[in-house]
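Chemist: As input, take my_file25.csv (CSV, C-alpha atoms):
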```csv
chain,number,residue,atom,x,y,z
A,30,MET,CA,168.8,-27.5,-52.7
A,31,PRO,CA,171.4,-29.1,-55.0
A,32,ALA,CA,171.1,-32.9,-55.3
A,33,LEU,CA,173.7,-35.0,-53.5
A,34,ARG,CA,175.9,-37.2,-55.6
A,35,LEU,CA,177.9,-40.3,-54.4
A,36,ARG,CA,181.6,-40.3,-55.1
A,37,ALA,CA,184.7,-42.1,-53.8
A,38,LEU,CA,186.9,-40.1,-51.5
A,39,GLY,CA,190.5,-39.6,-52.4
A,40,ALA,CA,193.5,-39.8,-50.2
A,41,GLN,CA,193.6,-36.7,-48.1
A,42,GLY,CA,192.2,-36.0,-44.6
A,43,PRO,CA,189.1,-38.2,-44.1
A,44,ARG,CA,189.5,-39.4,-47.6
A,45,ALA,CA,192.4,-41.5,-46.5
A,46,LEU,CA,189.9,-43.8,-44.9
A,47,GLY,CA,188.8,-45.0,-48.3
A,48,ARG,CA,185.0,-44.6,-47.7
A,49,ALA,CA,182.4,-43.3,-50.1
A,50,ALA,CA,180.8,-40.0,-49.2
A,51,LEU,CA,178.0,-37.7,-50.2
A,52,ALA,CA,179.2,-34.4,-51.7
A,53,VAL,CA,177.3,-31.3,-52.7
A,54,PRO,CA,178.4,-29.9,-56.0
A,55,GLY,CA,179.8,-26.4,-55.7
A,56,CYS,CA,180.0,-26.6,-51.9
A,57,GLY,CA,183.0,-28.7,-51.3
A,58,ARG,CA,181.7,-30.3,-48.1
A,59,THR,CA,181.4,-34.1,-47.8
A,60,TRP,CA,179.4,-36.4,-45.5
A,61,SER,CA,180.5,-39.9,-44.9
A,62,ALA,CA,178.8,-42.7,-43.0
A,63,LYS,CA,180.6,-41.6,-39.8
A,64,THR,CA,179.6,-38.0,-40.0
A,65,LEU,CA,176.8,-38.3,-37.4
A,66,GLY,CA,178.6,-40.8,-35.3
A,67,LEU,CA,179.1,-40.1,-31.6
A,68,LEU,CA,182.9,-40.4,-31.8
A,69,SER,CA,183.2,-38.2,-34.9
A,70,ARG,CA,181.1,-35.4,-33.4
A,71,SER,CA,182.8,-35.5,-30.0
A,72,LYS,CA,185.9,-33.3,-29.4
A,73,LEU,CA,187.1,-35.7,-26.7
A,74,PRO,CA,189.7,-38.4,-27.5
A,75,ALA,CA,188.6,-42.0,-28.0
A,76,SER,CA,190.4,-42.9,-24.7
A,77,ALA,CA,188.1,-40.6,-22.8
A,78,ARG,CA,185.0,-42.1,-24.5
A,79,MET,CA,186.3,-45.6,-23.6
A,80,ALA,CA,186.8,-44.5,-20.0
A,81,PHE,CA,183.3,-43.1,-19.9
A,82,ALA,CA,181.9,-46.3,-21.4
A,83,GLU,CA,183.5,-48.1,-18.5
A,84,CYS,CA,181.8,-45.6,-16.1
A,85,MET,CA,178.4,-46.2,-17.8
A,86,ALA,CA,178.8,-50.0,-17.3
A,87,ASP,CA,180.0,-49.7,-13.7
A,88,GLY,CA,177.5,-47.1,-12.7
A,89,PRO,CA,179.5,-44.6,-10.5
A,90,SER,CA,178.2,-41.1,-9.8
A,91,LEU,CA,178.4,-38.4,-12.4
A,92,ARG,CA,181.1,-36.5,-10.4
A,93,GLU,CA,183.2,-39.7,-10.2
A,94,SER,CA,182.7,-40.3,-13.9
A,95,ALA,CA,184.0,-36.8,-14.7
A,96,ARG,CA,187.1,-37.4,-12.5
A,97,ARG,CA,187.9,-40.7,-14.2
A,98,CYS,CA,187.6,-39.2,-17.7
A,99,GLY,CA,189.4,-35.9,-16.9
A,100,ALA,CA,186.4,-33.9,-18.0
A,101,SER,CA,184.2,-31.2,-16.4
A,102,LEU,CA,180.9,-32.1,-14.7
A,103,CYS,CA,178.9,-30.5,-17.6
A,104,THR,CA,180.8,-32.4,-20.2
A,105,ALA,CA,180.4,-35.7,-18.3
A,106,TRP,CA,176.6,-35.0,-18.1
A,107,PHE,CA,176.4,-34.4,-21.9
A,108,MET,CA,178.4,-37.5,-22.5
A,109,ARG,CA,175.9,-39.5,-20.5
A,110,MET,CA,173.0,-38.0,-22.5
A,111,ARG,CA,174.6,-39.0,-25.8
A,112,ALA,CA,175.4,-42.4,-24.5
A,113,CYS,CA,171.8,-42.9,-23.5
A,114,GLU,CA,170.7,-41.8,-27.0
A,115,VAL,CA,173.0,-44.5,-28.6
A,116,MET,CA,171.7,-47.1,-26.1
A,117,ALA,CA,168.1,-46.4,-27.1
A,118,ALA,CA,169.0,-47.0,-30.8
A,119,ARG,CA,171.1,-50.1,-30.2
A,120,THR,CA,168.7,-51.9,-27.8
A,121,PRO,CA,166.9,-54.6,-29.8
A,122,ALA,CA,163.1,-54.6,-29.8
A,123,PRO,CA,161.4,-57.2,-27.6
A,124,ARG,CA,160.4,-60.4,-29.2
A,125,ALA,CA,156.8,-61.8,-29.1
A,126,GLY,CA,155.9,-63.8,-26.0
A,127,GLU,CA,153.9,-63.8,-22.8
A,128,PHE,CA,154.6,-60.4,-21.2
A,129,GLN,CA,154.1,-59.7,-17.5
A,130,VAL,CA,153.1,-56.0,-17.3
A,131,ASP,CA,152.8,-53.7,-14.3
A,132,GLU,CA,153.2,-50.0,-13.7
A,133,LEU,CA,155.5,-48.0,-11.4
A,134,LEU,CA,154.8,-44.5,-10.2
A,135,ILE,CA,157.8,-42.2,-10.1
A,136,ARG,CA,157.5,-38.9,-8.5
A,137,GLU,CA,157.8,-35.9,-10.8
A,138,ASN,CA,161.1,-34.1,-10.5
A,139,LEU,CA,161.5,-30.5,-11.9
A,140,SER,CA,165.2,-30.2,-10.9
A,141,GLY,CA,167.9,-29.1,-13.3
A,142,ASN,CA,169.5,-26.0,-14.7
A,143,HIS,CA,166.7,-24.1,-16.4
A,144,SER,CA,168.8,-21.0,-17.2
A,145,ARG,CA,168.9,-22.2,-20.9
A,146,SER,CA,165.5,-23.8,-21.0
A,147,GLY,CA,163.7,-20.7,-22.2
A,148,PRO,CA,160.8,-19.1,-20.3
A,149,PHE,CA,160.5,-21.6,-17.4
A,150,ALA,CA,159.1,-20.7,-14.0
A,151,MET,CA,159.0,-23.1,-11.1
A,152,PRO,CA,155.2,-23.8,-10.7
A,153,ARG,CA,155.3,-24.7,-7.0
A,154,ARG,CA,157.2,-23.8,-3.9
A,155,ARG,CA,160.6,-25.4,-3.5
A,156,HIS,CA,160.7,-28.4,-1.1
A,157,ARG,CA,162.8,-31.3,-0.2
A,158,ASN,CA,161.7,-34.4,-2.0
A,159,GLY,CA,159.3,-36.4,0.1
A,160,GLN,CA,158.8,-33.5,2.6
A,161,ASP,CA,156.2,-31.3,1.0
A,162,GLY,CA,153.5,-31.9,3.7
A,163,ARG,CA,150.9,-33.2,1.3
A,164,ARG,CA,151.0,-36.9,2.2
A,165,GLY,CA,147.6,-38.5,1.7
A,166,GLN,CA,146.1,-35.5,-0.1
A,167,LYS,CA,143.6,-36.2,-2.8
A,168,GLY,CA,145.1,-36.1,-6.3
A,169,ARG,CA,148.6,-36.7,-5.0
A,170,SER,CA,149.3,-39.2,-7.8
A,171,LYS,CA,149.1,-36.4,-10.3
A,172,ARG,CA,152.5,-35.3,-9.0
A,173,SER,CA,153.9,-38.6,-10.3
A,174,PHE,CA,154.4,-40.2,-13.7
A,175,CYS,CA,153.5,-43.8,-14.6
A,176,VAL,CA,156.3,-46.0,-16.0
A,177,LEU,CA,154.9,-49.1,-17.7
A,178,CYS,CA,157.2,-52.1,-17.2
A,179,GLY,CA,157.0,-55.4,-19.0
A,180,VAL,CA,159.1,-58.5,-19.4
A,181,ASN,CA,158.5,-61.8,-21.2
A,182,GLU,CA,159.8,-65.4,-20.7
A,183,LEU,CA,162.7,-64.7,-23.0
A,184,GLY,CA,164.0,-61.9,-20.8
A,185,ASP,CA,163.1,-59.1,-23.2
A,186,CYS,CA,161.8,-56.1,-21.4
A,187,PHE,CA,160.5,-52.6,-21.9
A,188,CYS,CA,160.1,-49.6,-19.6
A,189,ALA,CA,158.1,-46.8,-21.2
A,190,LEU,CA,157.2,-43.4,-19.7
A,191,GLY,CA,153.5,-43.0,-19.7
A,192,GLU,CA,151.1,-40.3,-18.6
A,193,ARG,CA,150.8,-38.3,-15.4
A,194,GLY,CA,149.2,-40.1,-12.5
A,195,ALA,CA,148.1,-43.6,-11.8
A,196,ILE,CA,146.5,-45.5,-14.8
A,197,GLY,CA,142.8,-45.8,-15.0
A,198,ALA,CA,140.2,-47.2,-17.4
A,199,GLY,CA,140.8,-45.9,-20.9
A,200,ASP,CA,144.0,-44.2,-19.8
A,201,ALA,CA,146.5,-43.1,-22.5
A,202,GLY,CA,149.3,-44.2,-20.3
A,203,LEU,CA,148.8,-47.7,-21.6
A,204,ALA,CA,149.6,-46.7,-25.1
A,205,PRO,CA,153.1,-48.4,-25.0
A,206,LEU,CA,151.3,-51.7,-25.0
A,207,ALA,CA,150.5,-51.1,-28.7
A,208,ALA,CA,154.2,-51.4,-29.5
A,209,VAL,CA,154.4,-54.9,-28.2
A,210,PRO,CA,154.9,-57.4,-31.1
A,211,ARG,CA,151.8,-59.1,-32.4
A,212,GLY,CA,151.2,-62.6,-31.2
A,213,SER,CA,152.1,-61.7,-27.6
A,214,SER,CA,149.9,-62.2,-24.6
A,215,PHE,CA,149.7,-60.3,-21.3
A,216,VAL,CA,149.6,-61.2,-17.6
A,217,THR,CA,148.8,-58.3,-15.3
A,218,ASP,CA,147.3,-57.6,-11.9
A,219,ASP,CA,143.5,-57.2,-11.5
A,220,ASN,CA,143.5,-53.5,-12.5
A,221,PRO,CA,140.5,-53.2,-14.9
A,222,ALA,CA,142.4,-50.6,-17.1
A,223,TYR,CA,144.5,-53.4,-18.6
A,224,VAL,CA,141.4,-55.3,-19.8
A,225,GLY,CA,140.3,-52.4,-22.0
A,226,ALA,CA,143.8,-51.7,-23.3
A,227,THR,CA,144.3,-55.3,-24.5
A,228,ALA,CA,140.8,-56.1,-25.6
A,229,GLY,CA,140.6,-57.3,-29.3
A,230,ARG,CA,144.4,-57.3,-29.9
A,231,ALA,CA,146.0,-59.8,-27.5
A,232,ALA,CA,145.2,-62.5,-25.0
A,233,HIS,CA,145.1,-61.2,-21.5
A,234,ARG,CA,145.0,-62.9,-18.1
A,235,SER,CA,144.5,-61.1,-14.8
A,236,VAL,CA,146.1,-62.1,-11.5
A,237,LYS,CA,144.7,-61.1,-8.2
A,238,ALA,CA,147.3,-59.5,-6.0
A,239,GLY,CA,147.9,-61.7,-3.0
A,240,GLY,CA,146.1,-64.6,-4.6
A,241,PRO,CA,147.4,-68.1,-5.3
A,242,ALA,CA,148.4,-67.1,-8.8
A,243,ALA,CA,150.3,-63.9,-7.8
A,244,ALA,CA,153.6,-65.7,-8.5
A,245,ASP,CA,152.8,-65.4,-12.2
A,246,ILE,CA,153.8,-61.7,-12.2
A,247,ASN,CA,157.0,-62.2,-10.1
A,248,ALA,CA,159.2,-61.4,-13.0
A,249,VAL,CA,157.8,-57.9,-13.6
A,250,ASN,CA,157.8,-57.2,-9.9
A,251,ALA,CA,161.5,-58.1,-9.9
A,252,LEU,CA,162.0,-55.8,-12.9
A,253,ARG,CA,160.3,-52.9,-11.1
A,254,SER,CA,162.5,-53.5,-8.1
A,255,ARG,CA,165.7,-53.4,-10.2
A,256,LEU,CA,164.5,-50.2,-11.8
A,257,ARG,CA,164.0,-48.6,-8.4
A,258,GLY,CA,167.5,-49.7,-7.4
A,259,PHE,CA,168.9,-48.4,-10.6
A,260,LEU,CA,167.4,-44.9,-10.2
A,261,ALA,CA,168.0,-44.7,-6.4
A,262,PRO,CA,171.7,-43.6,-6.6
A,263,MET,CA,170.7,-40.8,-9.0
A,264,HIS,CA,168.9,-39.1,-6.0
A,265,GLY,CA,166.1,-37.9,-8.2
A,266,VAL,CA,166.2,-37.9,-12.0
A,267,SER,CA,164.6,-34.9,-13.7
A,268,THR,CA,161.4,-36.0,-15.3
A,269,ARG,CA,162.4,-34.5,-18.7
A,270,ARG,CA,165.5,-36.8,-18.7
A,271,LEU,CA,163.7,-39.8,-17.3
A,272,ARG,CA,163.1,-41.4,-20.7
A,273,ARG,CA,166.9,-41.4,-21.4
A,274,TYR,CA,167.5,-43.2,-18.1
A,275,LEU,CA,164.9,-45.8,-18.9
A,276,ASP,CA,166.7,-46.5,-22.2
A,277,TRP,CA,169.9,-46.9,-20.2
A,278,PHE,CA,168.2,-49.4,-17.8
A,279,CYS,CA,166.7,-51.4,-20.7
A,280,TRP,CA,170.1,-51.6,-22.4
A,281,ARG,CA,171.7,-53.0,-19.2
A,282,GLU,CA,168.9,-55.5,-18.8
A,283,GLN,CA,169.1,-56.6,-22.5
A,284,PHE,CA,172.9,-57.2,-22.5
A,285,LYS,CA,173.5,-58.4,-19.0
A,286,ARG,CA,173.4,-62.0,-20.2
A,287,GLY,CA,175.8,-63.9,-22.5
A,288,GLY,CA,179.0,-63.2,-20.6
A,289,ARG,CA,180.0,-60.2,-22.8
A,290,ASP,CA,181.9,-57.3,-21.4
A,291,ARG,CA,179.5,-54.5,-21.2
A,292,ARG,CA,182.3,-51.9,-21.3
A,293,GLN,CA,183.6,-53.0,-24.6
A,294,LEU,CA,180.1,-53.6,-26.0
A,295,LEU,CA,179.0,-50.1,-25.1
A,296,PHE,CA,182.2,-48.6,-26.6
A,297,ARG,CA,181.5,-50.5,-29.8
A,298,HIS,CA,177.9,-49.3,-29.9
A,299,GLU,CA,179.2,-45.7,-29.4
A,300,ALA,CA,181.7,-46.1,-32.2
A,301,GLU,CA,179.0,-47.5,-34.6
A,302,GLY,CA,176.0,-45.5,-33.4
A,303,GLU,CA,174.7,-42.1,-34.3
A,304,CYS,CA,173.5,-39.1,-32.2
A,305,PHE,CA,171.3,-36.3,-33.4
A,306,TYR,CA,170.6,-34.2,-30.3
A,307,THR,CA,173.0,-31.4,-29.9
A,308,ARG,CA,173.8,-29.8,-26.5
A,309,ARG,CA,171.5,-26.9,-27.2
A,310,ILE,CA,168.6,-29.1,-28.1
A,311,THR,CA,169.2,-31.2,-25.0
A,312,HIS,CA,169.1,-28.1,-22.8
A,313,ILE,CA,165.8,-26.9,-24.1
A,314,GLU,CA,164.1,-30.3,-23.8
A,315,PRO,CA,160.7,-29.6,-22.3
A,316,HIS,CA,159.1,-31.1,-19.3
A,317,PRO,CA,156.4,-33.7,-20.1
A,318,ASP,CA,152.9,-32.6,-19.6
A,319,TYR,CA,153.9,-29.2,-18.2
A,320,SER,CA,150.5,-27.9,-19.4
A,321,TRP,CA,149.0,-29.6,-16.3
A,322,TRP,CA,151.0,-27.2,-14.1
A,323,VAL,CA,149.8,-24.2,-16.3
A,324,ARG,CA,146.2,-25.3,-15.7
A,325,GLN,CA,146.8,-25.6,-11.9
A,326,MET,CA,148.4,-22.1,-11.7
A,327,SER,CA,145.5,-20.6,-13.7
A,328,THR,CA,143.0,-21.9,-11.2
A,329,VAL,CA,144.8,-20.4,-8.2
A,330,VAL,CA,142.9,-17.3,-7.1
```
Let me see the structure of the file written as structure tokens.
Modeler:
Amino acid sequence: MPALRLRALGAQGPRALGRAALAVPGCGRTWSAKTLGLLSRSKLPASARMAFAECMADGPSLRESARRCGASLCTAWFMRMRACEVMAARTPAPRAGEFQVDELLIRENLSGNHSRSGPFAMPRRRHRNGQDGRRGQKGRSKRSFCVLCGVNELGDCFCALGERGAIGAGDAGLAPLAAVPRGSSFVTDDNPAYVGATAGRAAHRSVKAGGPAAADINAVNALRSRLRGFLAPMHGVSTRRLRRYLDWFCWREQFKRGGRDRRQLLFRHEAEGECFYTRRITHIEPHPDYSWWVRQMSTVV
């Protein structure tokens, strides 16, 4: 592959912007700093992106967002996916502090248009959410995914998608705790799984649920409640898209303080941010831990 060389752009087309660009000798194509930007890769006018940034800040339904922006429902959905990608990149990492940590079980959702997802087959019978007739059955938590939530005294938070089912001792679902900055400490409930996950790397204090010190984890309980309220109007987020919605929620939590207009802030982030996932890659995004369903189907006689 020919080596890229840096040269100043002239005065025609994108060269009128006066930016430096990378050019391939003999090819004639150039790449500037804005080539992978969200606005430069979108065919929509900047006014439509600004209107959609307002929708992402206000939180209306996807159909209402499409109506405001004058776009189709599919285009509005892809605009949301790209905005979530920019939000994930622009959300600052949490600072070190005392983190209150707790988990939230979110039921697995296999909904979505799978016509472009390759060889996908629904592994169970279709049912209305919450009415599958299996309430109280052993192993029911395996139909849910664990979202690990944490917040510190500075207001920095994280919501990471973990493994399938409720966490247990030595569970890999606690792996997101390794990304917490060094020098932090943890306050959790009395689940013994947290003790093993934090041993040897951070100070840890357990609080018994319903005990006199239960107020020490009120902040993370409030965070979980806000996350439930954020996801409720979506009427069931597909599990393969859940990570993007968690990034959206963390961005809202991080920038809700300071009196800044989130509409203008998001549009600025979109103008400066980059996106790498094309529509085709987004469509073929796999379901997490789908191999569990494959094993379940292989055991059915």
Chemist: Using all atoms listed in the file, find the one residue out of A:Ile196, A:Ala86, A:Ala112, A:Ala248 that sits nearest to A:Glu301.
Modeler: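 Distance minimum relative to A:Glu301 lands on A:Ala112.
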Chemist: Please, what distance in Å, to one decimal, runs between atom CA of A:Gln293 and atom CA of A:Ala100?
Modeler: 20.4 Å
Chemist: Rounded to one decimal, what separation in Å do you get between atom CA of A:Ala82 and atom CA of A:Arg292?
Modeler: 5.6 Å
Chemist: Smallest atom-to-atom distance to A:Cys178: which of A:Cys304, A:Val236, A:Cys113, A:Leu256, using only C-alpha atoms?
Modeler: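 Closest candidate: A:Leu256.
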Chemist: Counting all atoms listed in the file, which residue out of A:Phe128, A:Ala300, A:Val249, A:Leu134 sits closest to A:Ala231?
Modeler: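 Between A:Phe128, A:Ala300, A:Val249, A:Leu134, the residue approaching A:Ala231 most closely is A:Phe128.
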Chemist: One decimal, in Å: what's the spacing between atom CA of A:Ala208 and atom CA of A:Met263?
Modeler: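 Straight-line distance from atom CA of A:Ala208 to atom CA of A:Met263 works out to 28.4 Å.
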Chemist: Calculated over only C-alpha atoms, which of the candidates A:Leu177, A:Met108, A:Val224, A:Leu102 has the smallest distance to A:Ala195?
Modeler: A:Leu177
Chemist: If you count all atoms listed in the file, which residues fall within 9 Å of A:Phe296, apart from same-chain ones fewer than 5 positions away, as a PDB file with C-alpha atoms, in the frame of the given file?
Modeler:
```
ATOM      1  CA  ARG A  78     185.000 -42.100 -24.500  1.00  0.00           C
ATOM      2  CA  MET A  79     186.300 -45.600 -23.600  1.00  0.00           C
ATOM      3  CA  PHE A  81     183.300 -43.100 -19.900  1.00  0.00           C
ATOM      4  CA  ALA A  82     181.900 -46.300 -21.400  1.00  0.00           C
ATOM      5  CA  GLU A  83     183.500 -48.100 -18.500  1.00  0.00           C
ATOM      6  CA  ARG A 291     179.500 -54.500 -21.200  1.00  0.00           C
ATOM      7  CA  GLU A 301     179.000 -47.500 -34.600  1.00  0.00           C
TER       8      GLU A 301
END
```
Chemist: Which is closest to A:Ser101 among A:Ala118, A:Leu183, A:Leu73, A:Leu295, if we use all atoms listed in the file?
Modeler: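 Using all atoms listed in the file, the shortest distance to A:Ser101 belongs to A:Leu73.
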Chemist: Neighbouring residues of stretch 209-211 of chain A were defined as those with any atom within 10 Å, considering only C-alpha atoms; residues of the same chain fewer than 6 positions away were excluded. Please report them as a list in words.
Modeler: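 The residues that qualify are Ala122, Pro123, Arg124, Ala125, Gly126, Phe128, Gly179, Phe187, Arg230 and Ala231 of chain A.
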Chemist: Would you save the residues of that selection, restricted to C-alpha atoms, as a tab-separated table (two decimals), keeping the file's coordinate frame?
Modeler:
```
chain	number	residue	atom	x	y	z
A	122	ALA	CA	163.10	-54.60	-29.80
A	123	PRO	CA	161.40	-57.20	-27.60
A	124	ARG	CA	160.40	-60.40	-29.20
A	125	ALA	CA	156.80	-61.80	-29.10
A	126	GLY	CA	155.90	-63.80	-26.00
A	128	PHE	CA	154.60	-60.40	-21.20
A	179	GLY	CA	157.00	-55.40	-19.00
A	187	PHE	CA	160.50	-52.60	-21.90
A	230	ARG	CA	144.40	-57.30	-29.90
A	231	ALA	CA	146.00	-59.80	-27.50
```
Chemist: Show me the residues close to (154.8, -49.8, -23.4) - anything with an atom within 10 Å, counting only C-alpha atoms - and format the list as a list in words.
Modeler: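 With a cut-off of 10 Å, the residues come to Val130, Glu132, Val176, Leu177, Cys178, Gly179, Cys186, Phe187, Cys188, Ala189, Leu190, Gly191, Gly202, Leu203, Ala204, Pro205, Leu206, Ala207, Ala208 and Val209 of chain A.
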Chemist: Write the residues of the preceding selection, restricted to C-alpha atoms, as a PDB file, in the frame of the given file.
Modeler:
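Result saved to part.pdb:
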```
ATOM      1  CA  VAL A 130     153.100 -56.000 -17.300  1.00  0.00           C
ATOM      2  CA  GLU A 132     153.200 -50.000 -13.700  1.00  0.00           C
ATOM      3  CA  VAL A 176     156.300 -46.000 -16.000  1.00  0.00           C
ATOM      4  CA  LEU A 177     154.900 -49.100 -17.700  1.00  0.00           C
ATOM      5  CA  CYS A 178     157.200 -52.100 -17.200  1.00  0.00           C
ATOM      6  CA  GLY A 179     157.000 -55.400 -19.000  1.00  0.00           C
ATOM      7  CA  CYS A 186     161.800 -56.100 -21.400  1.00  0.00           C
ATOM      8  CA  PHE A 187     160.500 -52.600 -21.900  1.00  0.00           C
ATOM      9  CA  CYS A 188     160.100 -49.600 -19.600  1.00  0.00           C
ATOM     10  CA  ALA A 189     158.100 -46.800 -21.200  1.00  0.00           C
ATOM     11  CA  LEU A 190     157.200 -43.400 -19.700  1.00  0.00           C
ATOM     12  CA  GLY A 191     153.500 -43.000 -19.700  1.00  0.00           C
ATOM     13  CA  GLY A 202     149.300 -44.200 -20.300  1.00  0.00           C
ATOM     14  CA  LEU A 203     148.800 -47.700 -21.600  1.00  0.00           C
ATOM     15  CA  ALA A 204     149.600 -46.700 -25.100  1.00  0.00           C
ATOM     16  CA  PRO A 205     153.100 -48.400 -25.000  1.00  0.00           C
ATOM     17  CA  LEU A 206     151.300 -51.700 -25.000  1.00  0.00           C
ATOM     18  CA  ALA A 207     150.500 -51.100 -28.700  1.00  0.00           C
ATOM     19  CA  ALA A 208     154.200 -51.400 -29.500  1.00  0.00           C
ATOM     20  CA  VAL A 209     154.400 -54.900 -28.200  1.00  0.00           C
TER      21      VAL A 209
END
```
Chemist: So, with only C-alpha atoms as the atoms that count, which of A:Ala251, A:Ala222, A:Leu133, A:Ile310 lies closest to A:Glu282?
Modeler: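 Nearest candidate to A:Glu282 out of A:Ala251, A:Ala222, A:Leu133, A:Ile310: A:Ala251.
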Chemist: Please fill the gaps in stretch 232-239 of chain A so it has all heavy atoms, and write that as a PDB file, in the frame of the given file.
Modeler:
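What landed in part.pdb:
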```
ATOM      1  N   ALA A 232     145.742 -61.759 -26.143  1.00  0.00           N
ATOM      2  CA  ALA A 232     145.200 -62.500 -25.000  1.00  0.00           C
ATOM      3  C   ALA A 232     145.653 -61.900 -23.716  1.00  0.00           C
ATOM      4  O   ALA A 232     146.788 -61.436 -23.595  1.00  0.00           O
ATOM      5  CB  ALA A 232     145.658 -63.974 -25.128  1.00  0.00           C
ATOM      6  N   HIS A 233     144.759 -61.894 -22.750  1.00  0.00           N
ATOM      7  CA  HIS A 233     145.100 -61.200 -21.500  1.00  0.00           C
ATOM      8  C   HIS A 233     144.565 -62.088 -20.328  1.00  0.00           C
ATOM      9  O   HIS A 233     143.477 -62.658 -20.375  1.00  0.00           O
ATOM     10  CB  HIS A 233     144.398 -59.849 -21.436  1.00  0.00           C
ATOM     11  CG  HIS A 233     144.526 -59.176 -20.108  1.00  0.00           C
ATOM     12  ND1 HIS A 233     143.480 -59.054 -19.226  1.00  0.00           N
ATOM     13  CD2 HIS A 233     145.602 -58.603 -19.502  1.00  0.00           C
ATOM     14  CE1 HIS A 233     143.891 -58.432 -18.135  1.00  0.00           C
ATOM     15  NE2 HIS A 233     145.163 -58.146 -18.280  1.00  0.00           N
ATOM     16  N   ARG A 234     145.399 -62.156 -19.290  1.00  0.00           N
ATOM     17  CA  ARG A 234     145.000 -62.900 -18.100  1.00  0.00           C
ATOM     18  C   ARG A 234     145.329 -62.043 -16.866  1.00  0.00           C
ATOM     19  O   ARG A 234     146.437 -61.512 -16.726  1.00  0.00           O
ATOM     20  CB  ARG A 234     145.805 -64.219 -18.029  1.00  0.00           C
ATOM     21  CG  ARG A 234     145.526 -65.068 -16.788  1.00  0.00           C
ATOM     22  CD  ARG A 234     146.031 -66.497 -17.035  1.00  0.00           C
ATOM     23  NE  ARG A 234     147.448 -66.526 -17.369  1.00  0.00           N
ATOM     24  CZ  ARG A 234     148.418 -66.671 -16.453  1.00  0.00           C
ATOM     25  NH1 ARG A 234     148.104 -66.790 -15.161  1.00  0.00           N
ATOM     26  NH2 ARG A 234     149.688 -66.700 -16.826  1.00  0.00           N
ATOM     27  N   SER A 235     144.333 -61.891 -16.004  1.00  0.00           N
ATOM     28  CA  SER A 235     144.500 -61.100 -14.800  1.00  0.00           C
ATOM     29  C   SER A 235     144.818 -61.961 -13.604  1.00  0.00           C
ATOM     30  O   SER A 235     144.307 -63.073 -13.483  1.00  0.00           O
ATOM     31  CB  SER A 235     143.209 -60.280 -14.509  1.00  0.00           C
ATOM     32  OG  SER A 235     142.940 -59.361 -15.556  1.00  0.00           O
ATOM     33  N   VAL A 236     145.664 -61.440 -12.735  1.00  0.00           N
ATOM     34  CA  VAL A 236     146.100 -62.100 -11.500  1.00  0.00           C
ATOM     35  C   VAL A 236     145.734 -61.266 -10.333  1.00  0.00           C
ATOM     36  O   VAL A 236     146.098 -60.089 -10.296  1.00  0.00           O
ATOM     37  CB  VAL A 236     147.584 -62.462 -11.555  1.00  0.00           C
ATOM     38  CG1 VAL A 236     148.020 -63.069 -10.239  1.00  0.00           C
ATOM     39  CG2 VAL A 236     147.916 -63.391 -12.709  1.00  0.00           C
ATOM     40  N   LYS A 237     145.038 -61.830  -9.380  1.00  0.00           N
ATOM     41  CA  LYS A 237     144.700 -61.100  -8.200  1.00  0.00           C
ATOM     42  C   LYS A 237     145.860 -60.945  -7.263  1.00  0.00           C
ATOM     43  O   LYS A 237     146.529 -61.929  -6.941  1.00  0.00           O
ATOM     44  CB  LYS A 237     143.500 -61.734  -7.470  1.00  0.00           C
ATOM     45  CG  LYS A 237     142.964 -60.907  -6.308  1.00  0.00           C
ATOM     46  CD  LYS A 237     141.736 -61.549  -5.700  1.00  0.00           C
ATOM     47  CE  LYS A 237     141.190 -60.689  -4.561  1.00  0.00           C
ATOM     48  NZ  LYS A 237     139.977 -61.313  -3.948  1.00  0.00           N
ATOM     49  N   ALA A 238     146.118 -59.718  -6.856  1.00  0.00           N
ATOM     50  CA  ALA A 238     147.300 -59.500  -6.000  1.00  0.00           C
ATOM     51  C   ALA A 238     147.036 -60.220  -4.643  1.00  0.00           C
ATOM     52  O   ALA A 238     145.974 -60.129  -4.029  1.00  0.00           O
ATOM     53  CB  ALA A 238     147.423 -57.985  -5.708  1.00  0.00           C
ATOM     54  N   GLY A 239     148.036 -60.965  -4.220  1.00  0.00           N
ATOM     55  CA  GLY A 239     147.900 -61.700  -3.000  1.00  0.00           C
ATOM     56  C   GLY A 239     147.243 -63.054  -3.142  1.00  0.00           C
ATOM     57  O   GLY A 239     147.146 -63.810  -2.169  1.00  0.00           O
TER      58      GLY A 239
END
```
